[in-house]
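Novice: Next up, my_file13.txt (compact mmCIF, C-alpha atoms).
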```
# COMPACT_ATOMS: atom_id res chain seq x y z
CA MET P 1 32.12 -4.72 7.58
CA SER P 2 28.84 -6.01 6.11
CA VAL P 3 25.85 -3.79 5.35
CA LEU P 4 23.86 -5.33 8.22
CA ASN P 5 26.66 -4.50 10.68
CA LYS P 6 26.81 -0.91 9.41
CA ILE P 7 23.03 -0.60 9.84
CA ALA P 8 23.26 -1.98 13.38
CA ASP P 9 26.06 0.50 14.27
CA ILE P 10 24.08 3.49 12.96
CA GLU P 11 20.91 2.39 14.78
CA ALA P 12 22.93 1.97 18.00
CA GLU P 13 24.40 5.49 17.60
CA MET P 14 20.92 6.94 16.99
CA ASN P 15 19.66 5.28 20.17
CA ARG P 16 22.59 6.72 22.16
CA THR P 17 22.13 10.26 20.80
CA GLN P 18 19.86 12.57 22.78
CA LYS P 19 17.18 14.32 20.72
CA ASN P 20 17.41 18.10 20.99
CA LYS P 21 18.04 21.13 18.78
CA ALA P 22 21.81 20.71 18.95
CA THR P 23 21.76 17.09 17.71
CA SER P 24 18.85 17.31 15.22
CA ALA P 25 21.13 17.92 12.22
CA HIS P 26 23.41 15.02 13.22
CA LEU P 27 20.40 12.71 13.58
CA GLY P 28 19.26 13.80 10.13
CA VAL P 29 22.62 12.74 8.65
CA LEU P 30 22.40 9.38 10.45
CA LYS P 31 18.88 8.80 9.11
CA ALA P 32 20.07 9.61 5.57
CA ARG P 33 23.01 7.16 5.88
CA LEU P 34 20.66 4.51 7.30
CA ALA P 35 18.24 4.96 4.38
CA LYS P 36 21.08 4.61 1.84
CA LEU P 37 22.31 1.40 3.49
CA LYS P 38 18.79 -0.07 3.59
CA ASN P 39 18.33 0.81 -0.07
CA GLU P 40 21.65 -0.89 -0.85
CA LEU P 41 20.46 -3.97 1.05
CA LEU P 42 17.18 -3.94 -0.88
CA GLU P 43 18.93 -3.74 -4.26
CA SER P 44 21.34 -6.54 -3.35
CA THR P 45 18.34 -8.73 -2.43
CA SER P 46 16.50 -8.04 -5.70
CA LYS P 47 19.63 -8.68 -7.79
CA GLY P 48 20.84 -11.59 -5.66
CA LYS P 49 22.22 -14.62 -7.45
CA GLY P 50 21.53 -18.25 -6.67
CA PRO P 51 18.51 -20.56 -6.96
CA LYS P 52 15.09 -18.97 -6.73
CA GLN P 53 12.98 -20.00 -3.74
CA GLU P 54 9.95 -21.98 -4.87
CA GLY P 55 6.47 -20.69 -4.15
CA PHE P 56 7.05 -16.94 -4.11
CA GLU P 57 6.76 -16.18 -7.84
CA VAL P 58 2.99 -15.73 -8.17
CA GLN P 59 1.68 -14.02 -11.30
CA LYS P 60 -0.43 -10.96 -10.56
CA THR P 61 -4.07 -11.38 -11.63
CA GLY P 62 -7.39 -9.64 -10.96
CA ASP P 63 -8.08 -6.02 -10.08
CA ALA P 64 -6.06 -5.95 -6.84
CA ARG P 65 -3.53 -8.07 -4.96
CA ILE P 66 -4.07 -8.53 -1.21
CA GLY P 67 -1.24 -9.87 0.97
CA PHE P 68 -1.69 -11.55 4.38
CA ILE P 69 1.12 -10.58 6.76
CA GLY P 70 1.45 -11.76 10.35
CA PHE P 71 3.25 -13.85 12.91
CA PRO P 72 2.91 -17.66 12.77
CA SER P 73 -0.37 -19.23 13.96
CA VAL P 74 -2.56 -16.11 13.96
CA GLY P 75 -5.13 -17.56 11.53
CA LYS P 76 -3.94 -16.32 8.10
CA SER P 77 -4.49 -19.67 6.36
CA THR P 78 -7.92 -20.18 7.96
CA LEU P 79 -8.92 -16.68 6.82
CA LEU P 80 -7.77 -17.38 3.24
CA ASN P 81 -9.65 -20.71 3.15
CA LYS P 82 -12.88 -19.11 4.37
CA LEU P 83 -12.67 -16.11 2.00
CA THR P 84 -11.56 -17.84 -1.21
CA ASN P 85 -12.55 -21.51 -0.80
CA SER P 86 -8.95 -22.42 -1.69
CA PHE P 87 -6.75 -24.70 0.42
CA SER P 88 -3.90 -23.51 2.61
CA GLU P 89 -2.71 -26.05 5.16
CA VAL P 90 -3.95 -25.38 8.70
CA ALA P 91 -2.49 -26.99 11.83
CA ALA P 92 -1.98 -26.34 15.55
CA TYR P 93 1.78 -25.75 15.19
CA GLU P 94 3.73 -22.71 13.95
CA PHE P 95 5.11 -22.23 10.41
CA THR P 96 2.47 -24.48 8.82
CA THR P 97 2.55 -22.34 5.63
CA LEU P 98 6.03 -22.42 4.06
CA THR P 99 5.26 -20.96 0.62
CA CYS P 100 3.02 -18.28 -0.90
CA VAL P 101 -0.51 -19.72 -1.32
CA PRO P 102 -2.79 -17.75 -3.71
CA GLY P 103 -6.58 -17.56 -3.84
CA VAL P 104 -9.20 -15.39 -5.58
CA VAL P 105 -12.34 -13.77 -4.15
CA LYS P 106 -14.91 -11.76 -6.12
CA TYR P 107 -16.53 -8.78 -4.40
CA LYS P 108 -18.75 -6.11 -5.99
CA GLY P 109 -17.67 -7.35 -9.41
CA ALA P 110 -13.94 -6.93 -8.64
CA LYS P 111 -11.54 -9.86 -8.45
CA PHE P 112 -9.10 -9.77 -5.52
CA GLN P 113 -6.04 -12.02 -5.58
CA MET P 114 -5.34 -13.10 -1.99
CA LEU P 115 -1.82 -14.23 -1.03
CA ASP P 116 -1.28 -16.23 2.17
CA LEU P 117 2.37 -15.54 3.01
CA PRO P 118 4.44 -17.54 5.54
CA GLY P 119 4.56 -16.14 9.07
CA ILE P 120 7.30 -13.55 9.65
CA ILE P 121 9.39 -13.13 12.78
CA GLU P 122 11.28 -10.25 14.34
CA GLY P 123 14.35 -9.54 12.21
CA ALA P 124 12.57 -10.41 8.94
CA LYS P 125 14.04 -7.35 7.21
CA ASP P 126 17.51 -8.75 7.99
CA GLY P 127 16.66 -12.06 6.29
CA LYS P 128 15.47 -14.18 9.23
CA GLY P 129 12.81 -16.79 8.43
CA ARG P 130 12.75 -16.03 4.68
CA GLY P 131 11.71 -12.54 5.75
CA ARG P 132 13.16 -10.65 2.80
CA GLN P 133 11.26 -12.82 0.31
CA ILE P 134 7.99 -12.33 2.20
CA ILE P 135 8.41 -8.56 2.43
CA ALA P 136 9.52 -8.38 -1.24
CA VAL P 137 6.18 -9.98 -2.22
CA ALA P 138 4.39 -7.56 0.12
CA ARG P 139 5.86 -4.62 -1.85
CA THR P 140 3.92 -5.78 -4.94
CA CYS P 141 0.53 -5.84 -3.16
CA SER P 142 -2.27 -3.31 -3.63
CA CYS P 143 -3.35 -3.69 0.00
CA LEU P 144 -1.93 -5.49 3.04
CA LEU P 145 -3.85 -7.35 5.72
CA ILE P 146 -1.80 -7.48 8.93
CA VAL P 147 -3.43 -10.40 10.75
CA LEU P 148 -3.11 -10.18 14.55
CA ASP P 149 -4.23 -12.53 17.31
CA VAL P 150 -6.19 -10.38 19.80
CA ALA P 151 -5.27 -12.77 22.61
CA LYS P 152 -1.55 -12.03 22.11
CA PRO P 153 0.38 -8.83 22.95
CA LEU P 154 -0.33 -5.80 20.76
CA THR P 155 3.44 -5.24 20.47
CA HIS P 156 3.29 -7.72 17.56
CA LYS P 157 1.67 -4.92 15.54
CA LEU P 158 4.60 -2.57 16.21
CA ILE P 159 7.17 -5.27 15.35
CA ILE P 160 5.52 -6.00 11.97
CA GLU P 161 5.26 -2.28 11.18
CA ARG P 162 8.97 -1.84 11.98
CA GLU P 163 9.93 -4.78 9.75
CA LEU P 164 7.89 -3.45 6.82
CA ASP P 165 9.15 0.10 7.36
CA GLY P 166 12.74 -1.17 7.26
CA PHE P 167 12.08 -2.53 3.77
CA GLY P 168 10.62 0.72 2.42
CA ILE P 169 6.90 -0.08 2.88
CA ARG P 170 4.89 2.85 4.27
CA LEU P 171 1.45 1.87 5.59
CA ASN P 172 -1.68 4.05 5.26
CA LYS P 173 0.41 7.06 4.32
CA ALA P 174 0.45 9.34 1.29
CA PRO P 175 3.77 10.03 -0.50
CA PRO P 176 5.39 13.26 0.74
CA ASN P 177 4.68 16.17 -1.60
CA ILE P 178 8.27 17.42 -1.71
CA VAL P 179 9.66 18.57 -5.07
CA ILE P 180 13.45 18.52 -5.55
CA LYS P 181 14.95 19.97 -8.73
CA LYS P 182 18.69 19.69 -9.29
CA LYS P 183 20.60 22.56 -10.88
CA GLU P 184 24.21 23.25 -11.88
CA LYS P 185 24.90 26.16 -9.51
CA GLY P 186 23.26 28.53 -7.05
CA GLY P 187 23.30 26.46 -3.87
CA LEU P 188 20.19 25.30 -2.00
CA ASN P 189 16.96 27.22 -2.45
CA LEU P 190 14.36 26.19 0.17
CA GLN P 191 10.67 27.06 -0.21
CA SER P 192 7.50 25.90 1.53
CA THR P 193 3.79 26.61 1.13
CA VAL P 194 3.15 26.02 4.87
CA LYS P 195 5.08 26.67 8.06
CA LEU P 196 7.56 23.85 8.74
CA ASN P 197 7.23 22.68 12.36
CA LYS P 198 8.75 19.19 12.07
CA ILE P 199 12.04 20.08 10.34
CA THR P 200 14.47 23.00 10.34
CA HIS P 201 16.48 24.54 7.50
CA GLU P 202 19.68 23.26 9.14
CA GLU P 203 18.36 19.68 9.11
CA ILE P 204 17.33 19.99 5.45
CA GLY P 205 20.79 21.28 4.58
CA SER P 206 22.57 18.46 6.43
CA VAL P 207 20.46 15.77 4.72
CA MET P 208 20.94 17.32 1.27
CA LYS P 209 24.69 17.54 1.92
CA GLU P 210 24.81 13.84 2.85
CA TYR P 211 23.24 13.04 -0.53
CA LYS P 212 25.63 15.50 -2.26
CA LEU P 213 22.74 17.65 -3.47
CA LEU P 214 24.42 21.00 -2.90
CA ASN P 215 22.70 22.81 -5.78
CA ALA P 216 18.96 22.25 -5.87
CA ASP P 217 15.52 23.85 -5.47
CA VAL P 218 13.56 22.19 -2.65
CA CYS P 219 9.86 22.98 -2.18
CA PHE P 220 7.72 21.58 0.66
CA TYR P 221 3.98 21.42 -0.11
CA GLY P 222 3.18 20.25 3.42
CA ASP P 223 4.60 19.98 6.93
CA TYR P 224 6.98 16.99 6.68
CA ASP P 225 9.81 15.62 8.84
CA ILE P 226 13.32 14.31 8.10
CA ASP P 227 12.08 10.79 7.30
CA ASP P 228 9.73 12.18 4.64
CA LEU P 229 12.56 14.23 3.10
CA VAL P 230 14.81 11.15 2.96
CA ASP P 231 11.98 9.15 1.35
CA ALA P 232 11.46 11.89 -1.25
CA ILE P 233 15.19 11.91 -2.13
CA GLU P 234 15.51 8.11 -2.25
CA ASN P 235 12.21 7.69 -4.14
CA LYS P 236 12.29 3.93 -3.49
CA CYS P 237 9.44 3.56 -0.96
CA VAL P 238 6.02 2.09 -1.73
CA TYR P 239 2.89 3.47 -0.08
CA ILE P 240 0.32 0.73 0.55
CA PRO P 241 -3.07 0.86 2.32
CA CYS P 242 -3.29 -1.55 5.23
CA VAL P 243 -6.05 -3.16 7.32
CA TYR P 244 -5.28 -4.57 10.76
CA VAL P 245 -7.32 -7.78 10.97
CA MET P 246 -7.94 -8.51 14.66
CA ASN P 247 -8.60 -12.26 14.49
CA LYS P 248 -9.99 -14.66 17.12
CA ILE P 249 -12.37 -12.13 18.72
CA ASP P 250 -14.40 -15.12 20.00
CA GLN P 251 -11.71 -15.52 22.69
CA ILE P 252 -12.15 -12.07 24.29
CA SER P 253 -14.93 -10.21 26.10
CA VAL P 254 -17.07 -7.36 24.72
CA GLU P 255 -15.21 -4.85 26.93
CA GLU P 256 -11.86 -5.98 25.50
CA LEU P 257 -13.31 -5.75 21.98
CA ASP P 258 -14.23 -2.10 22.62
CA ILE P 259 -10.57 -1.40 23.47
CA VAL P 260 -9.35 -3.23 20.33
CA ASP P 261 -11.78 -1.22 18.20
CA ARG P 262 -9.89 2.01 19.07
CA ILE P 263 -6.97 0.95 16.86
CA PRO P 264 -7.08 2.90 13.55
CA HIS P 265 -7.79 0.92 10.35
CA ASN P 266 -8.84 -2.19 12.32
CA CYS P 267 -11.38 -4.86 11.40
CA PRO P 268 -12.32 -7.42 14.11
CA VAL P 269 -13.11 -10.92 12.76
CA SER P 270 -13.24 -14.55 13.77
CA ALA P 271 -12.13 -16.71 10.85
CA HIS P 272 -13.01 -19.92 12.69
CA HIS P 273 -16.65 -18.87 13.27
CA ASN P 274 -17.04 -16.82 10.01
CA TRP P 275 -17.71 -13.64 12.02
CA ASN P 276 -17.57 -10.29 10.15
CA LEU P 277 -15.89 -11.66 6.98
CA ASP P 278 -18.26 -9.54 4.83
CA GLY P 279 -17.21 -6.51 6.89
CA LEU P 280 -13.57 -7.33 6.17
CA LEU P 281 -14.20 -7.39 2.40
CA GLU P 282 -16.00 -4.04 2.64
CA CYS P 283 -13.07 -2.64 4.65
CA ILE P 284 -10.63 -3.84 1.95
CA TRP P 285 -12.81 -2.21 -0.75
CA GLU P 286 -12.78 1.14 1.11
CA HIS P 287 -9.00 1.08 1.63
CA LEU P 288 -8.34 0.21 -2.02
CA GLY P 289 -10.47 3.15 -3.15
CA LEU P 290 -12.04 1.46 -6.19
CA VAL P 291 -14.82 2.72 -8.47
CA ARG P 292 -17.18 0.62 -10.65
CA ALA P 293 -18.54 1.60 -14.06
CA TYR P 294 -21.00 -0.48 -16.08
CA THR P 295 -21.00 -0.80 -19.86
CA LYS P 296 -24.24 -0.39 -21.83
CA PRO P 297 -24.39 -1.56 -25.46
CA ARG P 298 -26.78 0.43 -27.66
CA GLY P 299 -30.35 -0.80 -27.37
CA GLN P 300 -29.53 -3.25 -24.55
CA ILE P 301 -29.62 -3.26 -20.76
CA PRO P 302 -26.38 -2.51 -18.82
CA ASP P 303 -24.03 -5.37 -17.96
CA TYR P 304 -24.12 -5.39 -14.15
CA ASN P 305 -22.23 -8.69 -13.83
CA ASP P 306 -18.87 -7.51 -15.18
CA PRO P 307 -18.12 -3.87 -14.17
CA VAL P 308 -15.02 -1.96 -15.19
CA ILE P 309 -12.93 -1.41 -12.03
CA MET P 310 -10.90 1.82 -11.71
CA LYS P 311 -8.99 3.67 -9.00
CA SER P 312 -10.86 6.56 -7.36
CA GLU P 313 -7.61 8.59 -7.15
CA PRO P 314 -6.80 10.25 -9.45
CA ASN P 315 -10.43 10.85 -10.35
CA PRO P 316 -11.42 8.46 -13.17
CA THR P 317 -12.66 9.97 -16.43
CA ILE P 318 -14.30 8.65 -19.60
CA LYS P 319 -10.77 8.38 -21.05
CA THR P 320 -9.71 6.17 -18.09
CA PHE P 321 -12.79 4.01 -18.69
CA CYS P 322 -12.03 3.61 -22.43
CA ASP P 323 -8.36 2.80 -21.79
CA LYS P 324 -9.47 0.07 -19.39
CA LEU P 325 -11.65 -1.48 -22.10
CA HIS P 326 -9.13 -1.23 -24.95
CA ARG P 327 -6.05 0.92 -25.53
CA GLN P 328 -7.12 1.78 -29.09
CA MET P 329 -10.69 2.83 -28.20
CA MET P 330 -9.87 6.54 -27.74
CA LYS P 331 -8.82 6.79 -31.42
CA GLU P 332 -12.41 6.00 -32.44
CA PHE P 333 -14.12 7.83 -29.54
CA LYS P 334 -16.70 10.48 -30.46
CA TYR P 335 -18.73 11.03 -27.26
CA ALA P 336 -20.44 9.03 -24.49
CA TRP P 337 -23.84 8.81 -22.83
CA VAL P 338 -23.72 8.57 -19.01
CA TRP P 339 -26.38 7.54 -16.48
CA GLY P 340 -25.59 8.04 -12.79
CA THR P 341 -24.74 10.50 -10.03
CA SER P 342 -21.94 12.22 -12.00
CA VAL P 343 -24.40 13.87 -14.43
CA LYS P 344 -27.22 16.37 -13.89
CA HIS P 345 -29.78 14.51 -16.00
CA ASN P 346 -30.01 10.92 -17.27
CA PRO P 347 -28.68 10.25 -19.80
CA GLN P 348 -26.23 13.07 -20.47
CA LYS P 349 -23.88 13.49 -23.44
CA VAL P 350 -20.28 13.95 -22.21
CA GLY P 351 -16.72 14.14 -23.53
CA LYS P 352 -13.56 12.23 -22.65
CA ASP P 353 -12.68 14.47 -19.65
CA HIS P 354 -15.96 13.92 -17.78
CA LEU P 355 -15.35 12.74 -14.16
CA LEU P 356 -17.09 9.50 -13.19
CA ASP P 357 -18.72 8.39 -9.93
CA ASP P 358 -19.15 4.90 -8.52
CA GLU P 359 -21.70 2.74 -10.41
CA ASP P 360 -22.12 5.07 -13.39
CA ILE P 361 -23.50 3.50 -16.59
CA ILE P 362 -21.66 4.41 -19.79
CA GLN P 363 -22.45 3.99 -23.47
CA VAL P 364 -19.61 4.92 -25.82
CA VAL P 365 -20.38 6.26 -29.30
CA LYS P 366 -17.63 5.80 -31.89
CA LYS P 367 -16.79 7.84 -34.96
CA VAL P 368 -18.38 6.65 -38.19
```
The structure given in the file should be rewritten as structure tokens.

Specialist:
Amino acid sequence: MSVLNKIADIEAEMNRTQKNKATSAHLGVLKARLAKLKNELLESTSKGKGPKQEGFEVQKTGDARIGFIGFPSVGKSTLLNKLTNSFSEVAAYEFTTLTCVPGVVKYKGAKFQMLDLPGIIEGAKDGKGRGRQIIAVARTCSCLLIVLDVAKPLTHKLIIERELDGFGIRLNKAPPNIVIKKKEKGGLNLQSTVKLNKITHEEIGSVMKEYKLLNADVCFYGDYDIDDLVDAIENKCVYIPCVYVMNKIDQISVEELDIVDRIPHNCPVSAHHNWNLDGLLECIWEHLGLVRAYTKPRGQIPDYNDPVIMKSEPNPTIKTFCDKLHRQMMKEFKYAWVWGTSVKHNPQKVGKDHLLDDEDIIQVVKKV
């Protein structure tokens, strides 16, 4: 029996099983088996032999990689053309884009690499319509734009989320803070810093037994469910911020737009009419959580045209800033002068562990 058939059988059994206290442990075992099979499918795809498909090997450049995901003919190529001034073929029929088309846009000094991916269909995680290749590229992105046609059913959003979730992509979600330490003997030791309402000790034990982790210390630093525990054990999922781009808003009324705006993480646009494209770039910036820092050579004005881009989490420090400039800079670092909101007075002399804010100006002083 193939892996896909095994996955289908387990999903069918989960749908047949009633959810109650008596069956919760059994469902936990099924979810663990399902996760192992999906991981096996993912590894077989990444190590698959045969000719490589042209157009999907795009070198990562810039400060962030943004992937366009969506069904055919929702306006992904038009959106890429308007944002990046690159060319991705646009036509009135489906599956116009057959390869990965890259483009670059500069915003607030940061360079975003935009990838227009071919339209996916239901069953993409099982390989339909080059789906595995598309989702494999999506795993490498810093942020995903799920482009939806507001004139079409909103169930398309749920289908795309299910396809991405089946390939280990978790959208707008932080990794579960569950620490698992294996040991030679002593059985399972369960601890939690909060009350666990979404999972029971019996369910934890059944999942750990399925993974043959009979001797381990398990500590929950939050209220998580079985899916989060399985993800923590597998440790193969990627957690990516996502923006739902509600395209073609010129085709609906204001009342319908108010309903669409209730969707979390949404950004309504009209690529054809250039409506709210600046708002989309700002939304991407907020979801990426980036911080800018400007360099200031001694005796000169700061360089505002080419900022150093860093992640806001974990909090960037002077050391993070120096490592971004050059990996050997910290060996010659003495101290730094900082202008901005992170210091009490301007300028202020700081060390390598000083926390930076957005748009701080930094002058590094080296050892003589």

Novice: Excluding Asp228 of chain P and any residue of its chain fewer than 6 positions from it, enumerate the residues within 9 Å of it, using all atoms listed in the file, and give them as a ChimeraX atom specification.

Specialist: /P:175-178

Novice: Can I get the selected residues back with C-alpha atoms, as a CSV table (one decimal), in the frame of the given file?

Specialist:
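The result, written out as out.csv:
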```
chain,number,residue,atom,x,y,z
P,175,PRO,CA,3.8,10.0,-0.5
P,176,PRO,CA,5.4,13.3,0.7
P,177,ASN,CA,4.7,16.2,-1.6
P,178,ILE,CA,8.3,17.4,-1.7
```

Novice: To one decimal place in Å, what is the distance between atom CA of Glu163 of chain P and atom CA of Ala136 of chain P?

Specialist: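 For atom CA of Glu163 of chain P relative to atom CA of Ala136 of chain P, the distance reads 11.6 Å.
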
Novice: So which one's closest to Lys248 of chain P, P:Asn276, P:Ile309, P:Asp323, P:Gly289? Using only C-alpha atoms, please.

Specialist: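 When distances to Lys248 of chain P are compared using only C-alpha atoms, the smallest one comes from P:Asn276.
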
Novice: From the set P:Phe112, P:Tyr224, P:Phe68, P:Phe321, which residue has the shortest atom-to-atom contact distance to Val291 of chain P, counting all atoms listed in the file?

Specialist: P:Phe321

Novice: Pick out the residues sitting within 9 Å of Ile69 of chain P, and hand them over as a ChimeraX atom specification; count all atoms listed in the file, and ignore anything fewer than 2 positions along from it in its own chain.

Specialist: /P:67,71,76,116-120,134-135,138,144-148,160

Novice: Got a sec: who's within 8 Å of Ala25 of chain P, counting only C-alpha atoms, leaving out chain neighbours fewer than 2 positions off, as number ranges by chain?

Specialist: P: 21-23, 27-29, 202-203, 206-207

Novice: So the first atom is atom CA of Met246 of chain P and the second is atom CA of Asp261 of chain P; what is the distance between them in Å, to one decimal place?

Specialist: 9.0 Å

Novice: Can you measure atom CA of His287 of chain P to atom CA of Pro241 of chain P for me? One decimal in Å is fine.

Specialist: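 Answer for the atom CA of His287 of chain P to atom CA of Pro241 of chain P separation: 6.0 Å.
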
Novice: Excluding Leu196 of chain P and any residue of its chain fewer than 4 positions from it, enumerate the residues within 12 Å of it, using all atoms listed in the file, and give them as a compact mmCIF listing (two decimals) with C-alpha atoms, in the frame of the given file.

Specialist:
```txt
# COMPACT_ATOMS: atom_id res chain seq x y z
CA LEU P 190 14.36 26.19 0.17
CA GLN P 191 10.67 27.06 -0.21
CA SER P 192 7.50 25.90 1.53
CA THR P 200 14.47 23.00 10.34
CA HIS P 201 16.48 24.54 7.50
CA GLU P 203 18.36 19.68 9.11
CA ILE P 204 17.33 19.99 5.45
CA CYS P 219 9.86 22.98 -2.18
CA PHE P 220 7.72 21.58 0.66
CA TYR P 221 3.98 21.42 -0.11
CA GLY P 222 3.18 20.25 3.42
CA ASP P 223 4.60 19.98 6.93
CA TYR P 224 6.98 16.99 6.68
CA ASP P 225 9.81 15.62 8.84
CA ILE P 226 13.32 14.31 8.10
```

Novice: Could you give me, as a list in words, the residues that have an atom at most 8 Å away from the point (-11.4, -1.0, -5.4) in the coordinates of the file, using only C-alpha atoms?

Specialist: Asp63, Ala64, Ala110, Ile284, Trp285, Glu286, His287, Leu288, Gly289, Leu290, Val291, Arg292, Ile309, Met310, Lys311 and Ser312 of chain P

Novice: When you count all atoms listed in the file, which of these residues is closest to Leu83 of chain P: P:Arg65, P:Lys106, P:Lys367, P:Lys181?

Specialist: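 Nearest candidate to Leu83 of chain P out of P:Arg65, P:Lys106, P:Lys367, P:Lys181: P:Lys106.
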